[in-house]
$ cat upload-v6.csv   # CSV, C-alpha atoms and all ligand atoms
chain,number,residue,atom,x,y,z
A,1,MET,CA,63.9,-74.4,20.5
A,2,THR,CA,60.3,-73.7,19.3
A,3,ARG,CA,57.5,-73.9,21.8
A,4,ARG,CA,54.0,-75.1,20.8
A,5,LEU,CA,50.6,-74.8,22.2
A,6,THR,CA,47.6,-77.0,21.0
A,7,GLY,CA,44.1,-76.3,22.3
A,8,PHE,CA,41.1,-78.5,22.8
A,9,GLN,CA,37.7,-77.3,23.7
A,10,PRO,CA,35.9,-79.5,26.3
A,11,THR,CA,32.7,-79.3,24.4
A,12,GLY,CA,31.8,-82.9,23.8
A,13,ASN,CA,33.0,-86.2,22.6
A,14,LEU,CA,36.4,-86.3,21.1
A,15,HIS,CA,36.6,-87.9,17.8
A,16,LEU,CA,38.9,-89.5,15.2
A,17,GLY,CA,39.5,-86.1,13.6
A,18,ASN,CA,40.8,-84.7,16.9
A,19,LEU,CA,43.1,-87.7,17.3
A,20,ILE,CA,44.5,-87.6,13.7
A,21,GLY,CA,44.5,-83.8,13.3
A,22,ALA,CA,45.7,-82.7,16.7
A,23,MET,CA,46.6,-85.4,19.3
A,24,ARG,CA,48.9,-87.4,17.1
A,25,PRO,CA,50.9,-84.4,15.9
A,26,LEU,CA,51.2,-83.4,19.5
A,27,VAL,CA,52.5,-86.8,20.5
A,28,ALA,CA,54.9,-86.9,17.5
A,29,ALA,CA,56.4,-83.5,18.5
A,30,GLN,CA,57.0,-84.2,22.2
A,31,ASP,CA,60.8,-83.7,21.8
A,32,ARG,CA,60.1,-79.9,21.8
A,33,PRO,CA,58.5,-78.0,24.7
A,34,SER,CA,54.7,-78.3,24.2
A,35,ILE,CA,51.6,-77.3,26.0
A,36,ALA,CA,48.3,-79.2,25.6
A,37,MET,CA,45.6,-76.7,26.8
A,38,ILE,CA,42.0,-77.6,27.6
A,39,ALA,CA,40.0,-74.5,27.0
A,40,ASP,CA,37.4,-74.9,29.6
A,41,LEU,CA,36.9,-71.2,29.9
A,42,HIS,CA,35.9,-71.2,26.2
A,43,ALA,CA,33.2,-73.7,27.0
A,44,LEU,CA,31.4,-71.0,29.1
A,45,THR,CA,30.9,-68.7,26.1
A,46,MET,CA,27.7,-70.6,25.1
A,47,GLU,CA,24.8,-72.0,27.1
A,48,HIS,CA,26.4,-74.7,29.3
A,49,ASP,CA,25.8,-77.1,32.0
A,50,PRO,CA,28.4,-76.7,34.9
A,51,GLU,CA,28.7,-80.4,35.7
A,52,THR,CA,29.1,-81.3,32.1
A,53,VAL,CA,31.9,-78.8,31.5
A,54,ARG,CA,33.7,-80.1,34.6
A,55,ALA,CA,33.3,-83.7,33.6
A,56,ASN,CA,34.3,-83.0,29.9
A,57,THR,CA,37.5,-81.2,31.1
A,58,LEU,CA,38.6,-84.2,33.0
A,59,THR,CA,37.6,-86.5,30.1
A,60,VAL,CA,39.7,-84.5,27.6
A,61,ALA,CA,42.7,-84.6,30.0
A,62,THR,CA,42.2,-88.4,30.4
A,63,VAL,CA,41.9,-89.0,26.6
A,64,LEU,CA,45.1,-87.0,26.0
A,65,LEU,CA,46.9,-89.2,28.4
A,66,ALA,CA,45.3,-92.3,26.9
A,67,ALA,CA,46.4,-91.2,23.4
A,68,GLY,CA,50.0,-91.0,24.4
A,69,VAL,CA,50.6,-87.4,25.5
A,70,ASP,CA,53.4,-87.7,28.1
A,71,PRO,CA,52.8,-85.3,31.0
A,72,GLN,CA,56.5,-85.4,31.8
A,73,ARG,CA,57.3,-83.7,28.5
A,74,THR,CA,54.1,-82.0,27.6
A,75,ALA,CA,52.3,-79.7,30.1
A,76,ILE,CA,48.6,-80.6,30.1
A,77,ILE,CA,46.7,-77.6,31.5
A,78,ALA,CA,43.1,-76.3,31.8
A,79,ASN,CA,43.1,-72.6,31.0
A,80,SER,CA,40.8,-71.8,33.9
A,81,GLN,CA,43.4,-73.2,36.4
A,82,VAL,CA,46.1,-70.8,35.3
A,83,PRO,CA,44.7,-67.4,36.3
A,84,GLU,CA,47.4,-65.5,34.3
A,85,HIS,CA,45.3,-66.4,31.2
A,86,THR,CA,42.4,-64.3,32.5
A,87,GLU,CA,44.6,-61.5,33.8
A,88,LEU,CA,46.3,-61.1,30.4
A,89,HIS,CA,42.9,-61.4,28.7
A,90,TYR,CA,41.8,-58.1,30.2
A,91,LEU,CA,45.1,-56.3,29.4
A,92,LEU,CA,44.8,-57.5,25.8
A,93,GLU,CA,41.2,-56.3,25.6
A,94,CYS,CA,42.7,-52.8,26.1
A,95,VAL,CA,44.5,-53.0,22.8
A,96,THR,CA,41.7,-54.7,20.8
A,97,GLY,CA,39.0,-52.8,18.9
A,98,TYR,CA,35.4,-53.7,19.3
A,99,GLY,CA,35.1,-53.9,15.5
A,100,GLU,CA,38.0,-56.4,15.3
A,101,ALA,CA,36.2,-58.8,17.7
A,102,ALA,CA,32.8,-58.3,16.1
A,103,ARG,CA,34.2,-59.1,12.7
A,104,MET,CA,35.2,-62.7,13.6
A,105,ILE,CA,33.4,-65.2,11.5
A,106,GLN,CA,32.8,-67.6,14.4
A,107,PHE,CA,31.3,-64.9,16.5
A,108,LYS,CA,28.9,-64.0,13.6
A,109,GLU,CA,28.0,-67.6,13.1
A,110,LYS,CA,27.5,-68.5,16.8
A,111,SER,CA,25.8,-65.2,17.8
A,112,GLY,CA,23.3,-65.6,14.9
A,113,ALA,CA,22.1,-68.9,16.3
A,114,GLY,CA,19.5,-67.3,18.4
A,115,GLY,CA,19.1,-66.9,22.2
A,116,THR,CA,21.2,-64.7,24.5
A,117,VAL,CA,24.6,-63.8,23.1
A,118,ARG,CA,27.1,-63.9,26.0
A,119,LEU,CA,29.6,-61.0,26.0
A,120,SER,CA,32.3,-63.7,26.5
A,121,LEU,CA,31.5,-65.0,23.0
A,122,LEU,CA,32.5,-61.7,21.5
A,123,THR,CA,35.7,-61.5,23.6
A,124,TYR,CA,36.7,-65.2,23.3
A,125,PRO,CA,39.3,-64.6,20.5
A,126,VAL,CA,41.0,-62.1,22.8
A,127,LEU,CA,41.1,-64.8,25.5
A,128,MET,CA,42.5,-67.2,22.9
A,129,ALA,CA,45.2,-64.6,22.2
A,130,ALA,CA,46.0,-64.5,25.9
A,131,ASP,CA,46.1,-68.3,26.0
A,132,ILE,CA,48.8,-68.2,23.4
A,133,LEU,CA,50.8,-65.1,24.3
A,134,VAL,CA,51.0,-65.8,28.0
A,135,HIS,CA,53.2,-68.8,27.4
A,136,ASP,CA,55.6,-67.2,24.9
A,137,VAL,CA,54.9,-70.0,22.4
A,138,ASP,CA,56.0,-69.4,18.8
A,139,GLN,CA,54.1,-72.1,17.1
A,140,VAL,CA,50.4,-72.9,17.2
A,141,PRO,CA,49.0,-75.7,15.2
A,142,VAL,CA,45.6,-74.6,14.0
A,143,GLY,CA,42.9,-75.8,11.7
A,144,GLU,CA,41.2,-73.5,9.2
A,145,ASP,CA,38.4,-72.8,11.6
A,146,GLN,CA,40.9,-71.1,14.0
A,147,SER,CA,43.1,-69.3,11.5
A,148,GLN,CA,41.2,-66.0,11.7
A,149,HIS,CA,41.6,-66.0,15.5
A,150,LEU,CA,45.3,-66.8,15.3
A,151,GLU,CA,45.7,-63.9,12.9
A,152,LEU,CA,44.0,-61.6,15.5
A,153,ALA,CA,46.4,-62.9,18.2
A,154,ARG,CA,49.3,-62.0,16.0
A,155,THR,CA,47.8,-58.5,15.3
A,156,ILE,CA,47.3,-57.9,19.0
A,157,ALA,CA,50.8,-59.0,19.9
A,158,THR,CA,52.4,-56.9,17.1
A,159,ARG,CA,50.4,-53.9,18.0
A,160,PHE,CA,51.2,-54.2,21.7
A,161,ASN,CA,54.9,-54.6,21.0
A,162,ALA,CA,54.9,-51.5,18.7
A,163,ARG,CA,52.9,-49.3,21.1
A,164,TYR,CA,54.3,-50.3,24.5
A,165,GLY,CA,57.7,-52.0,23.7
A,166,ALA,CA,58.8,-55.6,23.0
A,167,THR,CA,56.6,-57.7,25.3
A,168,PHE,CA,55.3,-60.7,23.3
A,169,VAL,CA,56.6,-63.4,21.1
A,170,VAL,CA,54.5,-63.1,17.9
A,171,PRO,CA,53.2,-66.7,17.3
A,172,GLU,CA,53.1,-68.4,14.0
A,173,GLY,CA,50.2,-70.6,12.9
A,174,ILE,CA,51.3,-74.0,11.5
A,175,ARG,CA,49.4,-76.9,9.9
A,176,PRO,CA,50.5,-80.0,11.7
A,177,GLU,CA,52.5,-82.2,9.4
A,178,SER,CA,50.3,-85.3,9.5
A,179,ALA,CA,47.0,-83.5,9.8
A,180,ALA,CA,44.6,-85.0,7.4
A,181,ARG,CA,41.2,-83.2,7.7
A,182,ILE,CA,38.8,-86.0,8.6
A,183,MET,CA,35.3,-85.4,7.2
A,184,ASP,CA,31.9,-86.4,8.6
A,185,LEU,CA,31.0,-89.9,7.5
A,186,ALA,CA,27.4,-89.0,7.0
A,187,ASP,CA,28.1,-85.7,5.3
A,188,PRO,CA,31.6,-85.7,3.7
A,189,ALA,CA,31.2,-82.0,2.8
A,190,ARG,CA,31.6,-81.1,6.5
A,191,LYS,CA,34.5,-81.8,8.8
A,192,MET,CA,33.9,-84.3,11.6
A,193,SER,CA,33.0,-82.2,14.6
A,194,LYS,CA,32.3,-82.6,18.3
A,195,SER,CA,29.5,-80.1,18.0
A,196,ALA,CA,27.9,-81.5,14.8
A,197,PRO,CA,24.1,-81.7,15.3
A,198,SER,CA,24.0,-85.5,14.7
A,199,PRO,CA,26.5,-88.1,15.8
A,200,ALA,CA,25.8,-90.3,12.8
A,201,GLY,CA,29.0,-89.3,11.0
A,202,ARG,CA,31.3,-89.2,13.9
A,203,ILE,CA,33.7,-91.8,15.2
A,204,GLY,CA,34.1,-91.1,18.9
A,205,LEU,CA,37.4,-92.0,20.5
A,206,LEU,CA,35.6,-93.8,23.3
A,207,ASP,CA,32.8,-95.3,21.3
A,208,PRO,CA,32.3,-99.1,21.6
A,209,PRO,CA,33.4,-101.2,18.6
A,210,GLU,CA,29.8,-102.0,17.7
A,211,THR,CA,28.9,-98.3,17.3
A,212,ILE,CA,32.0,-97.7,15.2
A,213,ARG,CA,31.3,-100.6,12.9
A,214,LYS,CA,27.7,-99.2,12.4
A,215,VAL,CA,28.9,-95.7,11.7
A,216,ILE,CA,31.4,-96.9,9.1
A,217,SER,CA,29.1,-99.3,7.5
A,218,ARG,CA,26.5,-96.5,7.0
A,219,ALA,CA,29.1,-94.0,5.7
A,220,VAL,CA,27.9,-92.1,2.7
A,221,THR,CA,29.7,-93.1,-0.5
A,222,ASP,CA,28.5,-92.7,-4.1
A,223,THR,CA,27.3,-94.7,-7.1
A,224,ALA,CA,30.5,-94.8,-9.0
A,225,GLY,CA,31.4,-98.2,-7.6
A,226,VAL,CA,35.1,-97.7,-7.9
A,227,VAL,CA,37.5,-97.2,-4.9
A,228,ARG,CA,39.5,-94.2,-6.0
A,229,HIS,CA,41.1,-91.2,-4.3
A,230,ASP,CA,39.1,-88.2,-5.8
A,231,ARG,CA,38.2,-85.5,-3.3
A,232,GLU,CA,36.0,-83.6,-5.6
A,233,GLY,CA,34.1,-86.4,-7.3
A,234,GLN,CA,34.1,-89.1,-4.5
A,235,PRO,CA,34.4,-87.2,-1.2
A,236,GLY,CA,33.0,-90.0,0.9
A,237,VAL,CA,35.2,-92.8,-0.5
A,238,THR,CA,38.2,-90.4,-0.4
A,239,ASN,CA,37.6,-89.7,3.3
A,240,LEU,CA,37.4,-93.4,4.0
A,241,LEU,CA,40.7,-94.0,2.1
A,242,GLU,CA,42.3,-91.1,4.1
A,243,ILE,CA,41.1,-92.6,7.4
A,244,LEU,CA,42.5,-96.0,6.3
A,245,ARG,CA,45.8,-94.5,5.4
A,246,ALA,CA,46.1,-92.5,8.7
A,247,CYS,CA,45.1,-95.4,10.9
A,248,SER,CA,47.1,-98.2,9.2
A,249,GLY,CA,50.1,-96.0,8.4
A,250,ARG,CA,50.4,-97.4,4.9
A,251,GLU,CA,49.0,-96.9,1.4
A,252,PRO,CA,45.8,-98.9,1.0
A,253,GLY,CA,46.1,-101.9,-1.2
A,254,GLU,CA,43.8,-102.8,-4.1
A,255,LEU,CA,40.2,-102.7,-3.0
A,256,THR,CA,37.4,-103.8,-5.3
A,257,SER,CA,34.2,-102.9,-3.4
A,258,TYR,CA,32.9,-100.3,-1.0
A,259,GLY,CA,32.1,-103.2,1.4
A,260,ALA,CA,35.7,-104.3,1.4
A,261,LEU,CA,36.9,-100.7,1.9
A,262,LYS,CA,34.6,-100.3,4.9
A,263,ARG,CA,35.7,-103.6,6.4
A,264,GLU,CA,39.4,-102.5,6.1
A,265,VAL,CA,38.6,-99.1,7.6
A,266,THR,CA,36.7,-100.7,10.5
A,267,ASP,CA,39.6,-103.0,11.3
A,268,ALA,CA,42.2,-100.2,11.0
A,269,VAL,CA,40.2,-97.8,13.2
A,270,GLU,CA,39.6,-100.5,15.8
A,271,ALA,CA,43.3,-101.3,15.9
A,272,VAL,CA,44.1,-97.7,16.7
A,273,LEU,CA,41.2,-97.1,19.1
A,274,ALA,CA,41.2,-100.3,21.1
A,275,PRO,CA,44.4,-99.5,23.1
A,276,ILE,CA,43.3,-95.9,23.7
A,277,ARG,CA,40.0,-97.2,25.0
A,278,ALA,CA,41.7,-99.7,27.3
A,279,ARG,CA,44.2,-97.1,28.6
A,280,TYR,CA,41.3,-94.7,29.2
A,281,ALA,CA,39.4,-97.3,31.3
A,282,GLU,CA,42.5,-97.8,33.4
A,283,LEU,CA,43.1,-94.1,33.9
A,284,SER,CA,39.5,-93.5,34.8
A,285,GLU,CA,39.8,-95.7,37.8
A,286,ASP,CA,42.0,-93.1,39.4
A,287,PRO,CA,40.6,-89.6,38.6
A,288,SER,CA,42.9,-88.1,41.3
A,289,HIS,CA,45.9,-89.0,39.0
A,290,VAL,CA,44.4,-86.9,36.2
A,291,ARG,CA,43.8,-84.0,38.7
A,292,GLU,CA,47.5,-84.3,39.7
A,293,VAL,CA,48.6,-84.2,36.0
A,294,LEU,CA,46.7,-80.9,35.6
A,295,ALA,CA,48.2,-79.5,38.8
A,296,LYS,CA,51.7,-80.5,37.7
A,297,GLY,CA,51.0,-79.0,34.3
A,298,LYS,CA,50.0,-75.7,35.9
A,299,ALA,CA,53.0,-75.6,38.2
A,300,SER,CA,55.3,-76.2,35.2
A,301,VAL,CA,53.9,-73.3,33.1
A,302,GLN,CA,53.1,-70.8,35.7
A,303,PRO,CA,56.5,-69.2,36.3
A,304,ARG,CA,56.8,-68.1,32.7
A,305,ALA,CA,53.1,-67.0,32.6
A,306,THR,CA,53.6,-64.9,35.7
A,307,GLU,CA,56.6,-63.3,34.2
A,308,THR,CA,54.7,-62.5,31.0
A,309,VAL,CA,51.9,-60.8,32.9
A,310,ARG,CA,54.4,-58.9,35.0
A,311,ARG,CA,56.1,-57.6,31.8
A,312,THR,CA,52.8,-56.7,30.3
A,313,ARG,CA,51.5,-54.8,33.4
A,314,ALA,CA,54.8,-52.9,33.5
A,315,ALA,CA,54.6,-52.0,29.8
A,316,ILE,CA,51.0,-50.9,29.8
A,317,GLY,CA,51.3,-48.6,32.8
A,318,LEU,CA,50.3,-50.4,35.9
A,319,LEU,CA,52.1,-50.3,39.3
A,320,ASP,CA,54.0,-53.4,40.2
A,401,LIG,P1,33.9,-78.1,18.0
A,401,LIG,O1,32.9,-78.6,17.1
A,401,LIG,O2,33.4,-78.0,19.5
A,401,LIG,O3,34.6,-76.9,17.5
A,401,LIG,P2,36.0,-79.7,17.0
A,401,LIG,O4,35.6,-81.1,16.6
A,401,LIG,O5,36.2,-78.8,15.9
A,401,LIG,O6,34.9,-79.3,18.1
A,401,LIG,P3,38.2,-78.6,18.6
A,401,LIG,O7,38.2,-78.8,20.1
A,401,LIG,O8,37.7,-77.3,18.1
A,401,LIG,O9,37.3,-79.8,17.9
A,401,LIG,O10,39.6,-78.9,18.0
A,401,LIG,C1,40.6,-79.6,18.6
A,401,LIG,C2,41.7,-79.9,17.6
A,401,LIG,O11,41.3,-80.9,16.7
A,401,LIG,C3,42.1,-78.7,16.8
A,401,LIG,O12,43.6,-78.7,16.6
A,401,LIG,C4,41.4,-78.9,15.5
A,401,LIG,O13,42.1,-78.3,14.4
A,401,LIG,C5,41.5,-80.5,15.4
A,401,LIG,N1,40.4,-81.0,14.6
A,401,LIG,C6,39.1,-80.8,14.8
A,401,LIG,N2,38.3,-81.4,13.9
A,401,LIG,C7,39.1,-82.0,13.1
A,401,LIG,C8,38.9,-82.9,11.9
A,401,LIG,N3,37.7,-83.2,11.5
A,401,LIG,N4,40.0,-83.3,11.3
A,401,LIG,C9,41.3,-83.0,11.7
A,401,LIG,N5,41.5,-82.3,12.8
A,401,LIG,C10,40.5,-81.8,13.5
A,402,MG,MG,36.5,-76.6,16.4

$ encode --input "upload-v6.csv" --output "structure tokens" --more "lines below"
Ligand code: ATP
Ligand code: MG
Amino acid sequence: MTRRLTGFQPTGNLHLGNLIGAMRPLVAAQDRPSIAMIADLHALTMEHDPETVRANTLTVATVLLAAGVDPQRTAIIANSQVPEHTELHYLLECVTGYGEAARMIQFKEKSGAGGTVRLSLLTYPVLMAADILVHDVDQVPVGEDQSQHLELARTIATRFNARYGATFVVPEGIRPESAARIMDLADPARKMSKSAPSPAGRIGLLDPPETIRKVISRAVTDTAGVVRHDREGQPGVTNLLEILRACSGREPGELTSYGALKREVTDAVEAVLAPIRARYAELSEDPSHVREVLAKGKASVQPRATETVRRTRAAIGLLD
């Protein structure tokens, strides 16, 4: 049976794109062994506030539960709480070239933003390789932004196996079946992102209905005046149609105006988010429950992770 790992960075407010592109496919695939990993270590690669990272990590875990991730079937973990991730990270650094890490597009983009560049930003893709390889997963759902990092993880695994003997499962990147790419409502040329400079085009999973209604009513459309699926010519309208389809679960009916389209989208999004918001409020009343879920997740994945690290140490030449 295939094993999957899906990662979430605790870098801000989760949005509708995260739900449709990552959480729903995770929930839909819960019949196979899966790991939902909150990459809190990755949040330390850029200037960060300690309390915010801690709070966001718990928020992401709570939202995953509220969105229907079943902790009995899917292990929910924070990568910082499973120290095998960091131990393997170092061992994998010893089979990765400096040039390979420095070539990563995301490193170039984020390191060019000014300010101090943390060394961890350079080595983060190697940590991501460890996140994946330590659990012997064979499938990793990834968006385009992560495909170069996944390729590096595959290269590292293949190289290690060839040089030191069969040690790692070489993971395959997959596009989640139902993953529409949800675009920013204020700028439909960019994907909806947690880290977008402005929240104007983002539908937060925990936003109040009034905010969501405003964001959708201000969504950028065009002057064509026809509701039509045309990604090139009418990206804003097409994005709204895709959100409508993803949230209502059916093909949109005949819509004659952008106003009508936006009203339908607002209702469909609200129908999806209202129960998540309610469940989130319930779960937030007992933060110790979320802590327990993370502790159980860790306990369930750790035996395998320990075994992978043991195998790696032995192969690379360390004493047991
Ligand atoms: P950041 O801006 O901090 O990178 P993000 O919005 O890209 O945040 P991630 O934590 O990087 O979110 O990604 C979590 C998951 O959600 C990944 O599987 C990613 O592919 C998916 N995802 C992110 N944005 C979208 C989107 N706009 N549409 C569909 N899926 C998305
Ligand atoms: Mg991202």

$ residues_near_ligand --input "upload-v6.csv" --ligand "ligand LIG 401 (chain A)" --cutoff "7 Å" --atoms "only C-alpha atoms and all ligand atoms" --output "ChimeraX atom specification"
/A:6-12,14-15,17-18,20-22,141-143,179-183,191-196

$ closest_atom_pairs --input "upload-v6.csv" --of "stretch 50-70 of chain A" --to "stretch 253-277 of chain A" --cutoff "8 Å" --atoms "only C-alpha atoms" --output "tab-separated table"
residue	atom	partner	partner_atom	distance
A:Val63	CA	A:Ile276	CA	7.6
A:Ala66	CA	A:Ile276	CA	5.2
A:Ala67	CA	A:Ile276	CA	5.6

$ atom_distance --input "upload-v6.csv" --atom1 "atom CA of A:Asn13" --atom2 "atom CA of A:Arg202"
9.4 Å

$ closest_residue --input "upload-v6.csv" --among "A:Asp40, A:Glu100, A:Glu232, A:Glu242" --to "A:Asn56" --atoms "all atoms listed in the file"
A:Asp40

$ residues_around --input "upload-v6.csv" --residues "A:Thr312" --least-positions-apart "5" --cutoff "10 Å" --atoms "only C-alpha atoms" --output "list in words"
Leu88, Leu91, Leu92, Val134, Phe160, Asn161, Tyr164, Gly165, Ala166, Thr167, Phe168, Thr306, Glu307, Gly317 and Leu318 of chain A

$ write_last_selection --input "upload-v6.csv" --atoms "C-alpha atoms" --output "CSV table (one decimal), in the frame of the given file"
chain,number,residue,atom,x,y,z
A,88,LEU,CA,46.3,-61.1,30.4
A,91,LEU,CA,45.1,-56.3,29.4
A,92,LEU,CA,44.8,-57.5,25.8
A,134,VAL,CA,51.0,-65.8,28.0
A,160,PHE,CA,51.2,-54.2,21.7
A,161,ASN,CA,54.9,-54.6,21.0
A,164,TYR,CA,54.3,-50.3,24.5
A,165,GLY,CA,57.7,-52.0,23.7
A,166,ALA,CA,58.8,-55.6,23.0
A,167,THR,CA,56.6,-57.7,25.3
A,168,PHE,CA,55.3,-60.7,23.3
A,306,THR,CA,53.6,-64.9,35.7
A,307,GLU,CA,56.6,-63.3,34.2
A,317,GLY,CA,51.3,-48.6,32.8
A,318,LEU,CA,50.3,-50.4,35.9

$ atom_distance --input "upload-v6.csv" --atom1 "atom CA of A:Thr158" --atom2 "atom CA of A:Pro171"
9.8 Å

$ atom_distance --input "upload-v6.csv" --atom1 "atom CA of A:Val82" --atom2 "atom CA of A:Lys110"
26.3 Å

$ closest_residue --input "upload-v6.csv" --among "A:Pro33, A:Gly173, A:Pro197, A:Pro235" --to "A:Asp70" --atoms "all atoms listed in the file"
A:Pro33

$ residues_around --input "upload-v6.csv" --residues "A:Thr45" --least-positions-apart "4" --cutoff "7 Å" --atoms "all atoms listed in the file" --output "PyMOL selection string"
chain A and resi 118+120-121

$ closest_atom_pairs --input "upload-v6.csv" --of "stretch 105-177 of chain A" --to "stretch 278-302 of chain A" --cutoff "12 Å" --atoms "only C-alpha atoms" --output "CSV"
residue,atom,partner,partner_atom,distance
A:Asp131,CA,A:Val301,CA,11.7
A:Val134,CA,A:Gln302,CA,9.4
A:His135,CA,A:Val301,CA,7.3
A:Asp136,CA,A:Val301,CA,10.4
A:Val137,CA,A:Val301,CA,11.2

$ closest_residue --input "upload-v6.csv" --among "A:Arg103, A:His42, A:Arg310, A:Arg163" --to "A:Asn79" --atoms "all atoms listed in the file"
A:His42

$ decode --input "upload-v6.csv" --residues "stretch 192-199 of chain A" --atoms "all heavy atoms" --output "PDB file, in the first residue's frame"
ATOM      1  N   MET A 192      -3.343  31.912  -4.812  1.00  0.00           N
ATOM      2  CA  MET A 192      -3.681  32.368  -3.466  1.00  0.00           C
ATOM      3  C   MET A 192      -2.595  31.828  -2.541  1.00  0.00           C
ATOM      4  O   MET A 192      -2.239  30.665  -2.615  1.00  0.00           O
ATOM      5  CB  MET A 192      -5.058  31.814  -3.080  1.00  0.00           C
ATOM      6  CG  MET A 192      -5.678  32.477  -1.876  1.00  0.00           C
ATOM      7  SD  MET A 192      -7.339  31.826  -1.500  1.00  0.00           S
ATOM      8  CE  MET A 192      -8.357  32.667  -2.692  1.00  0.00           C
ATOM      9  N   SER A 193      -2.035  32.712  -1.667  1.00  0.00           N
ATOM     10  CA  SER A 193      -0.903  32.303  -0.835  1.00  0.00           C
ATOM     11  C   SER A 193      -1.045  32.835   0.571  1.00  0.00           C
ATOM     12  O   SER A 193      -1.512  33.949   0.767  1.00  0.00           O
ATOM     13  CB  SER A 193       0.398  32.883  -1.392  1.00  0.00           C
ATOM     14  OG  SER A 193       1.076  31.922  -2.134  1.00  0.00           O
ATOM     15  N   LYS A 194      -0.551  32.056   1.532  1.00  0.00           N
ATOM     16  CA  LYS A 194      -0.510  32.531   2.914  1.00  0.00           C
ATOM     17  C   LYS A 194       0.371  33.752   3.011  1.00  0.00           C
ATOM     18  O   LYS A 194       0.096  34.672   3.757  1.00  0.00           O
ATOM     19  CB  LYS A 194       0.066  31.437   3.832  1.00  0.00           C
ATOM     20  CG  LYS A 194      -0.856  30.265   4.020  1.00  0.00           C
ATOM     21  CD  LYS A 194      -0.433  29.471   5.240  1.00  0.00           C
ATOM     22  CE  LYS A 194       0.185  28.145   4.864  1.00  0.00           C
ATOM     23  NZ  LYS A 194       1.624  28.183   4.669  1.00  0.00           N
ATOM     24  N   SER A 195       1.480  33.726   2.270  1.00  0.00           N
ATOM     25  CA  SER A 195       2.478  34.776   2.421  1.00  0.00           C
ATOM     26  C   SER A 195       2.308  35.918   1.423  1.00  0.00           C
ATOM     27  O   SER A 195       3.204  36.734   1.283  1.00  0.00           O
ATOM     28  CB  SER A 195       3.870  34.161   2.283  1.00  0.00           C
ATOM     29  OG  SER A 195       3.965  33.523   1.034  1.00  0.00           O
ATOM     30  N   ALA A 196       1.171  35.993   0.736  1.00  0.00           N
ATOM     31  CA  ALA A 196       0.963  37.120  -0.190  1.00  0.00           C
ATOM     32  C   ALA A 196       1.013  38.419   0.597  1.00  0.00           C
ATOM     33  O   ALA A 196       0.544  38.471   1.733  1.00  0.00           O
ATOM     34  CB  ALA A 196      -0.381  36.974  -0.886  1.00  0.00           C
ATOM     35  N   PRO A 197       1.616  39.456   0.008  1.00  0.00           N
ATOM     36  CA  PRO A 197       1.782  40.707   0.753  1.00  0.00           C
ATOM     37  C   PRO A 197       0.446  41.306   1.215  1.00  0.00           C
ATOM     38  O   PRO A 197       0.370  41.908   2.275  1.00  0.00           O
ATOM     39  CB  PRO A 197       2.489  41.630  -0.246  1.00  0.00           C
ATOM     40  CG  PRO A 197       2.508  40.922  -1.561  1.00  0.00           C
ATOM     41  CD  PRO A 197       2.213  39.492  -1.340  1.00  0.00           C
ATOM     42  N   SER A 198      -0.606  41.139   0.419  1.00  0.00           N
ATOM     43  CA  SER A 198      -1.900  41.703   0.818  1.00  0.00           C
ATOM     44  C   SER A 198      -2.939  40.597   0.987  1.00  0.00           C
ATOM     45  O   SER A 198      -2.982  39.655   0.191  1.00  0.00           O
ATOM     46  CB  SER A 198      -2.365  42.682  -0.262  1.00  0.00           C
ATOM     47  OG  SER A 198      -3.764  42.741  -0.267  1.00  0.00           O
ATOM     48  N   PRO A 199      -3.810  40.717   2.015  1.00  0.00           N
ATOM     49  CA  PRO A 199      -4.838  39.695   2.203  1.00  0.00           C
ATOM     50  C   PRO A 199      -6.060  39.935   1.314  1.00  0.00           C
ATOM     51  O   PRO A 199      -7.038  39.192   1.384  1.00  0.00           O
ATOM     52  CB  PRO A 199      -5.209  39.851   3.691  1.00  0.00           C
ATOM     53  CG  PRO A 199      -4.944  41.280   4.005  1.00  0.00           C
ATOM     54  CD  PRO A 199      -3.849  41.743   3.067  1.00  0.00           C
TER      55      PRO A 199
END
